[in-house]
Amino acid sequence: MKFILGISYVNRRDLLYKAVNSVESLWPQTIVIDNSEGRDLRDDPFLEARVKVYEPPVPLTVPQKFNYLQELAEVSDCDVYLHMHNDGKAPPGAAKAFLARVQKLLREDRRWGIAFTNYDVLSAVNMEAVRELEAWDNSFIQYFSDNDYYWRLHAAGYEHVWTGIRVIHHGSASTQSDPYRKAVFKAIFPLHHKYYEKKWGGKWFKEKNRQAFTPDTSGMPLRYPPKWKFP
């Protein structure tokens, strides 16, 4: 199985180091995207000894980051791409167990789109689904961009797989530890929420549209499967 693992960074280098150290078995396939305004990770000896670091021309929004990872996975002929929050941490053995679970999914006759651990703190996306759905919606900047893409997967008939593998999340530490980012979050969250409702005909978990801005008339159920819930 060919894959890449992407971890993006904006702040809290201490948590990033913990995240990277927790996925040691995946270091050869790991790329850290430096989305900090000050280019904090330039010439970082800790990271340079372990993983690749990509410094984009300008800091990327969340959808831009995922679109970059998808394109990188496509040109690298990957079967899946993995993503990890920079404020996440995989307990010993969790990264290998997750990779084995994803490999098993690829061998099974299942139309799956994304595999979760602790929600998407560590996740894997099937490139077959990516080729059908294509890019993330750049109208979002941060929040609801993931909900948007995951709903698109579900509406297209792709399964969300909960692996049950334990991964730690430090709780939106990147946003909460930065007063500016926290203020921006409070300002844009309701705007993006309204856009999401308009696009899909309802709030998250209450979507009515299978296609963006188009009421579904197929008569097929759009509700999430019973197992769609946070662990």
# chains A, B, ... in the order shown; residues from 1 in each chain; ligands from 1

$ residues_around --residues "region 206-208 of chain A" --least-positions-apart "5" --cutoff "9 Å" --atoms "only C-alpha atoms" --output "MDAnalysis selection string"
chainID A and resid 151 197 200:201 214:216 222:224

$ write_last_selection --atoms "N, CA and C atoms" --output "tab-separated table (two decimals), in the first residue's frame"
chain	number	residue	atom	x	y	z
A	151	TRP	N	-19.59	14.93	4.45
A	151	TRP	CA	-20.96	14.78	3.96
A	151	TRP	C	-20.97	14.43	2.47
A	197	GLU	N	-25.34	25.35	5.92
A	197	GLU	CA	-26.78	25.08	5.91
A	197	GLU	C	-27.38	25.39	4.55
A	200	TRP	N	-26.22	22.62	1.92
A	200	TRP	CA	-26.71	21.25	2.06
A	200	TRP	C	-28.14	21.15	2.57
A	201	GLY	N	-28.83	22.29	2.70
A	201	GLY	CA	-30.24	22.27	3.06
A	201	GLY	C	-30.51	21.94	4.51
A	214	THR	N	-28.90	21.87	-4.14
A	214	THR	CA	-29.96	21.23	-4.93
A	214	THR	C	-30.73	20.26	-4.05
A	215	PRO	N	-32.00	20.53	-3.76
A	215	PRO	CA	-32.79	19.60	-2.94
A	215	PRO	C	-32.83	18.21	-3.56
A	216	ASP	N	-32.66	17.20	-2.74
A	216	ASP	CA	-32.65	15.82	-3.23
A	216	ASP	C	-34.07	15.35	-3.52
A	222	LEU	N	-31.04	10.01	3.09
A	222	LEU	CA	-29.79	10.76	3.19
A	222	LEU	C	-29.21	10.73	4.59
A	223	ARG	N	-29.91	10.13	5.53
A	223	ARG	CA	-29.45	10.16	6.92
A	223	ARG	C	-28.14	9.38	7.06
A	224	TYR	N	-27.39	9.78	8.06
A	224	TYR	CA	-26.15	9.06	8.36
A	224	TYR	C	-26.48	7.67	8.88

$ select_by_dssp --residues "region 57-161 of chain A" --states "strand (DSSP E or B)" --output "ChimeraX atom specification"
/A:80-84,88-89,112-117,119-126,159-161

$ write_last_selection --atoms "C-alpha atoms" --output "tab-separated table (two decimals), in the first residue's frame"
chain	number	residue	atom	x	y	z
A	80	VAL	CA	-4.66	6.47	0.42
A	81	TYR	CA	-3.47	9.56	2.17
A	82	LEU	CA	-3.34	9.90	5.94
A	83	HIS	CA	-3.78	13.07	7.95
A	84	MET	CA	-3.03	13.80	11.59
A	88	GLY	CA	-2.84	14.74	18.32
A	89	LYS	CA	-0.81	11.87	19.69
A	112	TRP	CA	-15.29	3.21	1.86
A	113	GLY	CA	-14.19	6.83	1.78
A	114	ILE	CA	-12.57	7.65	5.10
A	115	ALA	CA	-11.31	5.72	8.13
A	116	PHE	CA	-11.40	7.45	11.52
A	117	THR	CA	-9.72	6.88	14.88
A	119	TYR	CA	-12.82	11.23	14.74
A	120	ASP	CA	-10.22	12.58	12.27
A	121	VAL	CA	-7.35	13.23	14.69
A	122	LEU	CA	-5.71	10.46	12.68
A	123	SER	CA	-7.57	9.48	9.52
A	124	ALA	CA	-7.11	7.89	6.11
A	125	VAL	CA	-8.88	8.83	2.88
A	126	ASN	CA	-9.32	6.40	0.00
A	159	GLU	CA	-18.68	4.53	3.93
A	160	HIS	CA	-17.23	6.24	6.99
A	161	VAL	CA	-15.29	3.60	8.91

$ select_by_dssp --residues "region 30-224 of chain A" --states "alpha helix (DSSP H)" --output "PyMOL selection string"
chain A and resi 45-48+62-75+94-107+127-133+145-155+173-176+179-200

$ write_last_selection --atoms "C-alpha atoms" --output "short mmCIF file (atom, residue, chain, number, x, y, z; two decimals), in the first residue's frame"
data_model
loop_
_atom_site.label_atom_id
_atom_site.label_comp_id
_atom_site.auth_asym_id
_atom_site.auth_seq_id
_atom_site.Cartn_x
_atom_site.Cartn_y
_atom_site.Cartn_z
CA PRO A 45 16.81 20.11 13.41
CA PHE A 46 14.27 17.93 15.23
CA LEU A 47 11.99 17.67 12.20
CA GLU A 48 14.73 17.53 9.58
CA VAL A 62 -7.65 24.01 5.74
CA PRO A 63 -9.21 23.19 2.33
CA GLN A 64 -6.04 24.29 0.53
CA LYS A 65 -3.99 22.04 2.79
CA PHE A 66 -6.14 19.01 2.00
CA ASN A 67 -6.20 19.81 -1.70
CA TYR A 68 -2.40 19.93 -1.62
CA LEU A 69 -2.23 16.57 0.17
CA GLN A 70 -4.67 15.03 -2.30
CA GLU A 71 -2.68 16.27 -5.26
CA LEU A 72 0.58 15.06 -3.71
CA ALA A 73 -0.98 11.65 -3.07
CA GLU A 74 -2.27 11.49 -6.65
CA VAL A 75 1.06 12.32 -8.31
CA ALA A 94 -1.59 2.81 17.42
CA ALA A 95 -0.03 4.08 14.18
CA LYS A 96 0.95 0.57 13.06
CA ALA A 97 -2.46 -0.78 14.05
CA PHE A 98 -4.23 1.94 12.11
CA LEU A 99 -2.10 1.33 9.03
CA ALA A 100 -2.87 -2.39 9.21
CA ARG A 101 -6.59 -1.62 9.48
CA VAL A 102 -6.44 0.61 6.41
CA GLN A 103 -4.56 -2.05 4.46
CA LYS A 104 -7.29 -4.55 5.38
CA LEU A 105 -9.98 -2.11 4.19
CA LEU A 106 -8.28 -1.85 0.80
CA ARG A 107 -8.39 -5.62 0.44
CA MET A 127 -7.91 7.87 -3.21
CA GLU A 128 -10.66 6.19 -5.24
CA ALA A 129 -13.14 8.44 -3.45
CA VAL A 130 -10.88 11.46 -3.90
CA ARG A 131 -10.85 10.98 -7.67
CA GLU A 132 -14.64 11.03 -7.73
CA LEU A 133 -15.20 13.93 -5.32
CA SER A 145 -14.64 22.31 5.67
CA ASP A 146 -14.22 18.81 7.10
CA ASN A 147 -17.97 18.40 7.70
CA ASP A 148 -18.55 19.47 4.11
CA TYR A 149 -16.17 16.92 2.65
CA TYR A 150 -17.35 14.09 4.87
CA TRP A 151 -20.96 14.78 3.96
CA ARG A 152 -20.01 14.72 0.28
CA LEU A 153 -18.43 11.31 0.83
CA HIS A 154 -21.57 10.02 2.52
CA ALA A 155 -23.93 11.50 -0.08
CA ALA A 173 -4.97 23.50 21.26
CA SER A 174 -3.73 25.42 18.21
CA THR A 175 -6.77 27.69 18.18
CA GLN A 176 -7.40 28.00 21.91
CA PRO A 179 -5.91 34.88 21.20
CA TYR A 180 -5.96 36.09 17.58
CA ARG A 181 -6.96 32.72 16.16
CA LYS A 182 -9.56 32.34 18.88
CA ALA A 183 -11.10 35.71 17.92
CA VAL A 184 -11.09 34.81 14.23
CA PHE A 185 -12.78 31.51 15.04
CA LYS A 186 -15.60 33.29 16.90
CA ALA A 187 -16.10 35.69 13.98
CA ILE A 188 -16.15 33.22 11.09
CA PHE A 189 -17.78 30.20 12.73
CA PRO A 190 -21.39 31.44 12.38
CA LEU A 191 -20.77 32.67 8.82
CA HIS A 192 -19.49 29.30 7.65
CA HIS A 193 -22.26 27.54 9.55
CA LYS A 194 -24.85 29.52 7.58
CA TYR A 195 -23.07 28.75 4.31
CA TYR A 196 -23.04 25.05 5.19
CA GLU A 197 -26.78 25.08 5.91
CA LYS A 198 -27.49 26.87 2.64
CA LYS A 199 -25.30 24.48 0.65
CA TRP A 200 -26.71 21.25 2.06
#

$ closest_residue --among "A:Leu5, A:Lys18, A:Asp77, A:Asp44" --to "Thr30 (chain A)" --atoms "only C-alpha atoms"
A:Leu5

$ closest_residue --among "A:Leu41, A:Ile31, A:Val10, A:Met1" --to "Asp178 (chain A)" --atoms "only C-alpha atoms"
A:Val10

$ closest_residue --among "A:Gly164, A:Gly219, A:Pro92, A:Gly38" --to "Asn118 (chain A)" --atoms "only C-alpha atoms"
A:Gly164

$ atom_distance --atom1 "CA of Met220 (chain A)" --atom2 "CA of Trp204 (chain A)"
18.2 Å

$ atom_distance --atom1 "CA of Ile141 (chain A)" --atom2 "CA of Asn209 (chain A)"
21.8 Å

$ closest_residue --among "A:Arg13, A:Arg50, A:Lys203, A:Lys2" --to "Asp34 (chain A)" --atoms "only C-alpha atoms"
A:Arg13
